[in-house]
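I have placed the structure first, in the form of structure tokens, so that the comments after it can refer back to it.
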Amino acid sequence: MSEYAKFTEDMIKTHTILVPNMLPIHFKLIISIFEAEGYKMELLQNSSRSVVDEGLKNVHNDACYPALLVIGQFMDALKSGKYDLDKTALMITQTGGGCRASNYIHLLRKAIDKNYPQIPVVSLNFSGLEKDSAFKITPVMFLKLFYAVLYGDLLMTCYNKCRTYEVNKGQAKKVLDKWQKRLGNMFRKKSNFYLRLSRISNDILDDFAEIPLIREKKIRVGIVGEIYVKYSPLANNHLEDFLISEGCEPVVPSLLEFVMYCAAGTFNDAKIYNNSNTQSRIYRLGYELMYHQQKKLISIMKKQGSFEPFHDFEHLRKLADKYINQGVVMGEGWLIPAEMAALVQSGVDNIICTQPFGCLPNHIVAKGMSRAIKQDNPDANIVAIDYDAGATRVNQENRIKLMLANARR
């Protein structure tokens, strides 16, 4: 493979950066932050079967499903004729952990090198990877990204609750669109208005609380699992929409939990292996700051009273300790059993664990730990659903329907 194309300073003004659609609500806010710095970005919406077909053509079938979909979505977009290929770049996230996801960027570069060697790939990461790229995240941008995650989680939680029970169909979507636009404009400005967490969060909560809801008790279904499949409608075949169509309320844990899980993993490892260093201390400090703001938002949600607050992350860690060591950090590691236990504890007994077929770490921590959680919680109704290019949507939905049949008894 030849030397890959670099993303240079000049390209910030000339190139459009395509972004895979993992978190539709959050990523719109994140894109606005980069637009404030002069970047031009577009969130991809292509989701036809050709995305999977392109992924199968360009990724080895041993690679996990998220890699296939992300790369397939990029390749399908590049072949669509919508973009000037000499002024297009691609963005992909990297956690820097032991999961194969950190290697997607190399698979993507290998795929585009055959036909589009002029297209650079940029990495969104917080681990110091890809140092030779002009795509940078400043401290101010990092702070904005954190608040984008906070507000994105709040919008996602309120939206899922309201669209499940809304009297007037489509009203929740209008409120969501309104706040995505308002927050996006806020992040594009140079002011620090986004820091006013109490005021903005209360306004969001109050706006959604005004939506008339039907008084009906529906089955609540938690969604946990591998981060891409858990959140991406493309990967999980629009799981949240399917659950609502089946008369259920989807309950999706916050993205912030995954972000804090990654931060905690760094200083936990330093403690376990007696290897404390500057990086682990910085991550510890960052974690404390994030946890402080999470507690603040939880307090705001409790006081407002219309929506169930997020799980306190320190409580999640204690729940994890009951079932698994916090040194288990491959994939989503101890976070999956912790989220399952927290959901059951909060009354969400029905849980779908979404995972790519062949994602060994997540199969172990999800399927392996679900039995222990069921032993402690006899009412827990947990099903693991595999997502893969060879798995049919009908089969997945039939398994979910069987789980819901058990829930209705």
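Labeling convention for the structure tokens: chains A, B, ... as they appear, residues from 1 per chain, ligands from 1 in order of appearance.
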**Asked** So which residues of stretch 7-236 of chain A fall under strand (DSSP E) by DSSP, listed as a list in words?
**Response**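 Going through stretch 7-236 of chain A, the strand (DSSP E) residues come out as Thr16, Ile17, Leu18, Val19, Lys40, Met41, Glu42, Leu43, Thr88, Ala89, Leu90, Met91, Ile92, Thr93, Val121, Val122, Ser123, Leu124, Ile219, Arg220, Val221, Gly222, Ile223, Val224 and Gly225 of chain A.
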Keeping only N, CA and C atoms, take the residues you just selected and write them out as a PDB file, in the first residue's frame.
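The resulting file, result_38.pdb, is reproduced below:
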```
ATOM      1  N   THR A  16     -14.718  18.800   2.137  1.00  0.00           N
ATOM      2  CA  THR A  16     -15.876  18.385   2.926  1.00  0.00           C
ATOM      3  C   THR A  16     -15.544  17.057   3.590  1.00  0.00           C
ATOM      4  N   ILE A  17     -15.682  16.999   4.906  1.00  0.00           N
ATOM      5  CA  ILE A  17     -15.374  15.778   5.652  1.00  0.00           C
ATOM      6  C   ILE A  17     -16.661  14.997   5.877  1.00  0.00           C
ATOM      7  N   LEU A  18     -16.706  13.771   5.373  1.00  0.00           N
ATOM      8  CA  LEU A  18     -17.874  12.909   5.543  1.00  0.00           C
ATOM      9  C   LEU A  18     -17.774  12.173   6.877  1.00  0.00           C
ATOM     10  N   VAL A  19     -18.905  12.089   7.589  1.00  0.00           N
ATOM     11  CA  VAL A  19     -18.939  11.506   8.930  1.00  0.00           C
ATOM     12  C   VAL A  19     -19.935  10.352   8.957  1.00  0.00           C
ATOM     13  N   LYS A  40     -15.719  21.874   7.186  1.00  0.00           N
ATOM     14  CA  LYS A  40     -16.991  21.584   6.524  1.00  0.00           C
ATOM     15  C   LYS A  40     -17.256  20.086   6.657  1.00  0.00           C
ATOM     16  N   MET A  41     -18.397  19.740   7.265  1.00  0.00           N
ATOM     17  CA  MET A  41     -18.705  18.336   7.525  1.00  0.00           C
ATOM     18  C   MET A  41     -20.103  17.988   7.064  1.00  0.00           C
ATOM     19  N   GLU A  42     -20.297  16.717   6.749  1.00  0.00           N
ATOM     20  CA  GLU A  42     -21.621  16.213   6.366  1.00  0.00           C
ATOM     21  C   GLU A  42     -21.837  14.858   7.016  1.00  0.00           C
ATOM     22  N   LEU A  43     -22.969  14.729   7.718  1.00  0.00           N
ATOM     23  CA  LEU A  43     -23.336  13.462   8.343  1.00  0.00           C
ATOM     24  C   LEU A  43     -24.010  12.573   7.303  1.00  0.00           C
ATOM     25  N   THR A  88     -12.758  15.934  -0.915  1.00  0.00           N
ATOM     26  CA  THR A  88     -13.499  15.163   0.075  1.00  0.00           C
ATOM     27  C   THR A  88     -12.527  14.461   1.013  1.00  0.00           C
ATOM     28  N   ALA A  89     -12.856  14.429   2.293  1.00  0.00           N
ATOM     29  CA  ALA A  89     -12.100  13.680   3.293  1.00  0.00           C
ATOM     30  C   ALA A  89     -13.086  12.845   4.105  1.00  0.00           C
ATOM     31  N   LEU A  90     -12.564  11.883   4.845  1.00  0.00           N
ATOM     32  CA  LEU A  90     -13.399  10.993   5.650  1.00  0.00           C
ATOM     33  C   LEU A  90     -12.956  11.076   7.107  1.00  0.00           C
ATOM     34  N   MET A  91     -13.909  11.018   8.033  1.00  0.00           N
ATOM     35  CA  MET A  91     -13.576  11.033   9.456  1.00  0.00           C
ATOM     36  C   MET A  91     -14.029   9.740  10.111  1.00  0.00           C
ATOM     37  N   ILE A  92     -13.180   9.177  10.959  1.00  0.00           N
ATOM     38  CA  ILE A  92     -13.507   7.956  11.677  1.00  0.00           C
ATOM     39  C   ILE A  92     -13.029   8.102  13.115  1.00  0.00           C
ATOM     40  N   THR A  93     -13.762   7.509  14.049  1.00  0.00           N
ATOM     41  CA  THR A  93     -13.387   7.598  15.463  1.00  0.00           C
ATOM     42  C   THR A  93     -12.445   6.453  15.825  1.00  0.00           C
ATOM     43  N   VAL A 121      -7.980  10.445   5.284  1.00  0.00           N
ATOM     44  CA  VAL A 121      -8.825   9.974   6.382  1.00  0.00           C
ATOM     45  C   VAL A 121      -8.324  10.625   7.662  1.00  0.00           C
ATOM     46  N   VAL A 122      -9.235  11.259   8.397  1.00  0.00           N
ATOM     47  CA  VAL A 122      -8.855  11.897   9.659  1.00  0.00           C
ATOM     48  C   VAL A 122      -9.425  11.095  10.816  1.00  0.00           C
ATOM     49  N   SER A 123      -8.739  11.151  11.943  1.00  0.00           N
ATOM     50  CA  SER A 123      -9.111  10.378  13.122  1.00  0.00           C
ATOM     51  C   SER A 123      -9.628  11.288  14.223  1.00  0.00           C
ATOM     52  N   LEU A 124     -10.824  10.967  14.741  1.00  0.00           N
ATOM     53  CA  LEU A 124     -11.349  11.656  15.919  1.00  0.00           C
ATOM     54  C   LEU A 124     -11.007  10.790  17.126  1.00  0.00           C
ATOM     55  N   ILE A 219     -44.249  -1.695  28.017  1.00  0.00           N
ATOM     56  CA  ILE A 219     -43.061  -2.464  28.391  1.00  0.00           C
ATOM     57  C   ILE A 219     -41.822  -1.637  28.096  1.00  0.00           C
ATOM     58  N   ARG A 220     -40.972  -1.485  29.087  1.00  0.00           N
ATOM     59  CA  ARG A 220     -39.736  -0.742  28.914  1.00  0.00           C
ATOM     60  C   ARG A 220     -38.611  -1.725  28.575  1.00  0.00           C
ATOM     61  N   VAL A 221     -37.873  -1.423  27.530  1.00  0.00           N
ATOM     62  CA  VAL A 221     -36.818  -2.328  27.054  1.00  0.00           C
ATOM     63  C   VAL A 221     -35.490  -1.577  27.004  1.00  0.00           C
ATOM     64  N   GLY A 222     -34.533  -2.027  27.787  1.00  0.00           N
ATOM     65  CA  GLY A 222     -33.205  -1.425  27.777  1.00  0.00           C
ATOM     66  C   GLY A 222     -32.381  -1.946  26.608  1.00  0.00           C
ATOM     67  N   ILE A 223     -31.524  -1.083  26.073  1.00  0.00           N
ATOM     68  CA  ILE A 223     -30.633  -1.471  24.971  1.00  0.00           C
ATOM     69  C   ILE A 223     -29.192  -1.235  25.412  1.00  0.00           C
ATOM     70  N   VAL A 224     -28.428  -2.304  25.491  1.00  0.00           N
ATOM     71  CA  VAL A 224     -27.013  -2.208  25.846  1.00  0.00           C
ATOM     72  C   VAL A 224     -26.199  -2.908  24.766  1.00  0.00           C
ATOM     73  N   GLY A 225     -24.864  -2.914  24.934  1.00  0.00           N
ATOM     74  CA  GLY A 225     -24.031  -3.667  24.000  1.00  0.00           C
ATOM     75  C   GLY A 225     -22.883  -2.863  23.419  1.00  0.00           C
TER      76      GLY A 225
END
```
**Asked** What lies within 9 Å of A:Glu339 using only C-alpha atoms, ignoring chain neighbours under 2 positions off, as a count of residues only?
**Response** 14
**Item:** For A:Arg188: contacts at 8 Å, only C-alpha atoms, fewer than 2 positions along chain excluded, given as number ranges by chain
**Value:** A: 32-33, 35-36, 184-186, 190
**Asked** Quick one: distance from atom CA of A:Tyr39 to atom CA of A:Met22 in Å, one decimal?
**Response**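 Computing the Euclidean distance for atom CA of A:Tyr39 and atom CA of A:Met22 yields 19.4 Å.
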**Nearest candidate to A:Ala67 (options A:Ala148, A:Leu213, A:Val229, A:Leu239; using only C-alpha atoms)** = A:Val229
**A:Glu226, A:Asp86, A:Asp10, A:Glu54 ranked by distance to A:Leu108, top pick (using only C-alpha atoms)** = A:Glu54
**Asked** Of the candidates A:Tyr147, A:Lys181, A:Ile211, A:Cys248, which shows the shortest atom-to-atom distance to A:Arg196, using only C-alpha atoms?
**Response**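 The answer is A:Tyr147, which sits nearest to A:Arg196.
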**Request:** Find the spatial neighbours of A:Gln118, counting only C-alpha atoms, within a cut-off of 12 Å - ignore same-chain residues fewer than 2 positions away - and output them as a ChimeraX atom specification.
**Result:** /A:2-7,11,15,84-90,109,112-116,120-121
Deliver the residues from the most recent selection as a file, using C-alpha atoms, as a short mmCIF file (atom, residue, chain, number, x, y, z; two decimals), in the first residue's frame.
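Final file, selection_19.cif:
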```cif
data_model
loop_
_atom_site.label_atom_id
_atom_site.label_comp_id
_atom_site.auth_asym_id
_atom_site.auth_seq_id
_atom_site.Cartn_x
_atom_site.Cartn_y
_atom_site.Cartn_z
CA SER A 2 1.32 3.42 -0.90
CA GLU A 3 1.76 6.30 1.56
CA TYR A 4 -1.72 7.50 2.47
CA ALA A 5 -2.96 11.03 1.77
CA LYS A 6 -2.48 13.50 4.62
CA PHE A 7 -5.08 16.00 5.79
CA MET A 11 -7.86 21.21 3.25
CA HIS A 15 -12.56 19.80 1.74
CA ASP A 84 -16.02 16.15 -5.57
CA LEU A 85 -13.54 13.37 -4.86
CA ASP A 86 -10.62 15.80 -5.00
CA LYS A 87 -12.18 17.87 -2.22
CA THR A 88 -13.50 15.16 0.08
CA ALA A 89 -12.10 13.68 3.29
CA LEU A 90 -13.40 10.99 5.65
CA ARG A 109 -7.29 3.55 4.13
CA ILE A 112 -9.90 3.73 -0.50
CA ASP A 113 -6.27 3.47 -1.62
CA LYS A 114 -7.28 1.31 -4.58
CA ASN A 115 -9.60 3.87 -6.20
CA TYR A 116 -9.36 7.13 -4.26
CA PRO A 120 -7.41 11.66 3.28
CA VAL A 121 -8.83 9.97 6.38
#
```
**Prompt:** Can you list, as a ChimeraX atom specification, every residue of stretch 130-344 of chain A that DSSP puts in helix (DSSP H, G or I)?
**Reply:** /A:139-165,171-188,193-195,197-209,227-231,239-245,255-272,278-304,313-323,335-344
Those residues you just picked out, can you put them in a file as a compact mmCIF listing (two decimals), in the first residue's frame with C-alpha atoms?
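Contents of selection.txt, as written:
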```txt
# COMPACT_ATOMS: atom_id res chain seq x y z
CA PRO A 139 -8.94 22.28 24.69
CA VAL A 140 -11.92 24.56 23.97
CA MET A 141 -13.21 22.10 21.35
CA PHE A 142 -12.76 19.24 23.82
CA LEU A 143 -14.86 21.12 26.37
CA LYS A 144 -17.55 21.77 23.76
CA LEU A 145 -17.51 18.09 22.75
CA PHE A 146 -18.12 17.08 26.35
CA TYR A 147 -21.15 19.35 26.58
CA ALA A 148 -22.38 18.10 23.21
CA VAL A 149 -22.37 14.59 24.70
CA LEU A 150 -24.25 15.82 27.79
CA TYR A 151 -26.92 17.65 25.80
CA GLY A 152 -27.11 14.85 23.21
CA ASP A 153 -27.80 12.34 25.99
CA LEU A 154 -30.51 14.57 27.43
CA LEU A 155 -32.19 15.02 24.03
CA MET A 156 -32.00 11.28 23.31
CA THR A 157 -33.57 10.37 26.65
CA CYS A 158 -36.39 12.91 26.44
CA TYR A 159 -37.09 12.14 22.78
CA ASN A 160 -37.34 8.37 23.27
CA LYS A 161 -39.71 8.78 26.21
CA CYS A 162 -41.95 11.34 24.51
CA ARG A 163 -42.22 9.71 21.08
CA THR A 164 -43.28 6.46 22.77
CA TYR A 165 -46.27 8.06 24.49
CA GLN A 171 -44.54 16.47 18.14
CA ALA A 172 -41.49 15.01 19.92
CA LYS A 173 -39.52 15.14 16.67
CA LYS A 174 -40.36 18.83 16.25
CA VAL A 175 -39.04 19.60 19.75
CA LEU A 176 -35.93 17.52 19.06
CA ASP A 177 -35.27 19.35 15.77
CA LYS A 178 -35.77 22.70 17.48
CA TRP A 179 -33.18 21.93 20.17
CA GLN A 180 -30.68 20.35 17.79
CA LYS A 181 -30.80 23.54 15.74
CA ARG A 182 -30.61 25.81 18.79
CA LEU A 183 -27.72 23.91 20.39
CA GLY A 184 -25.93 23.64 17.05
CA ASN A 185 -26.08 27.43 16.63
CA MET A 186 -24.86 27.82 20.19
CA PHE A 187 -21.79 25.64 19.58
CA ARG A 188 -20.99 27.49 16.36
CA PHE A 193 -23.29 29.98 26.52
CA TYR A 194 -23.23 26.17 26.32
CA LEU A 195 -21.68 26.14 29.82
CA LEU A 197 -25.97 23.63 32.08
CA SER A 198 -28.78 24.31 34.56
CA ARG A 199 -30.62 26.84 32.41
CA ILE A 200 -30.30 24.98 29.12
CA SER A 201 -31.11 21.56 30.60
CA ASN A 202 -34.18 22.87 32.40
CA ASP A 203 -35.39 24.54 29.20
CA ILE A 204 -34.96 21.25 27.29
CA LEU A 205 -36.71 19.23 30.01
CA ASP A 206 -39.58 21.72 30.26
CA ASP A 207 -40.06 21.82 26.48
CA PHE A 208 -40.34 18.04 26.21
CA ALA A 209 -42.48 17.90 29.38
CA ILE A 227 -21.24 1.07 21.19
CA TYR A 228 -21.79 1.28 17.43
CA VAL A 229 -24.51 -1.37 17.21
CA LYS A 230 -26.19 -0.02 20.35
CA TYR A 231 -26.63 3.50 18.98
CA LEU A 239 -34.14 -1.12 16.82
CA GLU A 240 -35.64 1.80 18.76
CA ASP A 241 -38.26 2.39 16.04
CA PHE A 242 -39.08 -1.32 16.00
CA LEU A 243 -39.59 -1.44 19.76
CA ILE A 244 -41.91 1.57 19.63
CA SER A 245 -43.89 -0.09 16.82
CA LEU A 255 -23.10 8.02 25.68
CA LEU A 256 -21.38 9.76 28.59
CA GLU A 257 -21.24 6.41 30.38
CA PHE A 258 -19.03 5.02 27.61
CA VAL A 259 -16.84 8.14 27.63
CA MET A 260 -16.36 7.88 31.40
CA TYR A 261 -15.76 4.13 31.09
CA CYS A 262 -12.86 4.85 28.73
CA ALA A 263 -11.42 7.47 31.09
CA ALA A 264 -11.80 5.21 34.13
CA GLY A 265 -10.09 2.37 32.28
CA THR A 266 -6.88 4.39 32.01
CA PHE A 267 -6.46 5.20 35.70
CA ASN A 268 -7.85 1.80 36.75
CA ASP A 269 -5.13 0.08 34.72
CA ALA A 270 -2.52 2.35 36.31
CA LYS A 271 -3.74 1.21 39.73
CA ILE A 272 -3.99 -2.48 38.85
CA THR A 278 1.07 11.70 33.93
CA GLN A 279 -1.46 10.36 31.42
CA SER A 280 -3.37 8.34 34.03
CA ARG A 281 -3.45 11.33 36.39
CA ILE A 282 -4.79 13.58 33.60
CA TYR A 283 -7.49 11.04 32.80
CA ARG A 284 -8.36 10.84 36.50
CA LEU A 285 -8.75 14.62 36.64
CA GLY A 286 -10.85 14.59 33.47
CA TYR A 287 -13.00 11.84 34.93
CA GLU A 288 -13.62 13.82 38.12
CA LEU A 289 -14.69 16.87 36.11
CA MET A 290 -17.06 14.78 33.96
CA TYR A 291 -18.50 13.03 36.99
CA HIS A 292 -19.14 16.37 38.70
CA GLN A 293 -21.15 17.58 35.71
CA GLN A 294 -22.97 14.26 35.39
CA LYS A 295 -24.09 14.50 39.03
CA LYS A 296 -25.21 18.07 38.40
CA LEU A 297 -27.34 17.00 35.42
CA ILE A 298 -28.80 14.07 37.39
CA SER A 299 -29.78 16.52 40.14
CA ILE A 300 -31.42 18.83 37.57
CA MET A 301 -33.42 15.92 36.11
CA LYS A 302 -34.55 14.74 39.55
CA LYS A 303 -35.68 18.22 40.52
CA GLN A 304 -37.55 18.81 37.25
CA PHE A 313 -21.45 6.44 37.09
CA GLU A 314 -19.90 5.67 40.47
CA HIS A 315 -22.98 3.56 41.20
CA LEU A 316 -22.39 1.75 37.91
CA ARG A 317 -18.84 0.97 38.99
CA LYS A 318 -20.09 -0.51 42.26
CA LEU A 319 -22.60 -2.65 40.41
CA ALA A 320 -19.85 -3.86 38.09
CA ASP A 321 -17.73 -4.93 41.06
CA LYS A 322 -20.48 -7.33 42.06
CA TYR A 323 -20.13 -9.29 38.83
CA LEU A 335 -19.73 -1.47 31.34
CA ILE A 336 -22.19 -3.92 29.73
CA PRO A 337 -22.98 -5.98 32.86
CA ALA A 338 -22.99 -2.78 34.93
CA GLU A 339 -25.58 -1.18 32.63
CA MET A 340 -27.68 -4.35 32.61
CA ALA A 341 -27.65 -4.50 36.41
CA ALA A 342 -28.50 -0.79 36.68
CA LEU A 343 -31.40 -1.11 34.24
CA VAL A 344 -32.89 -4.05 36.15
```
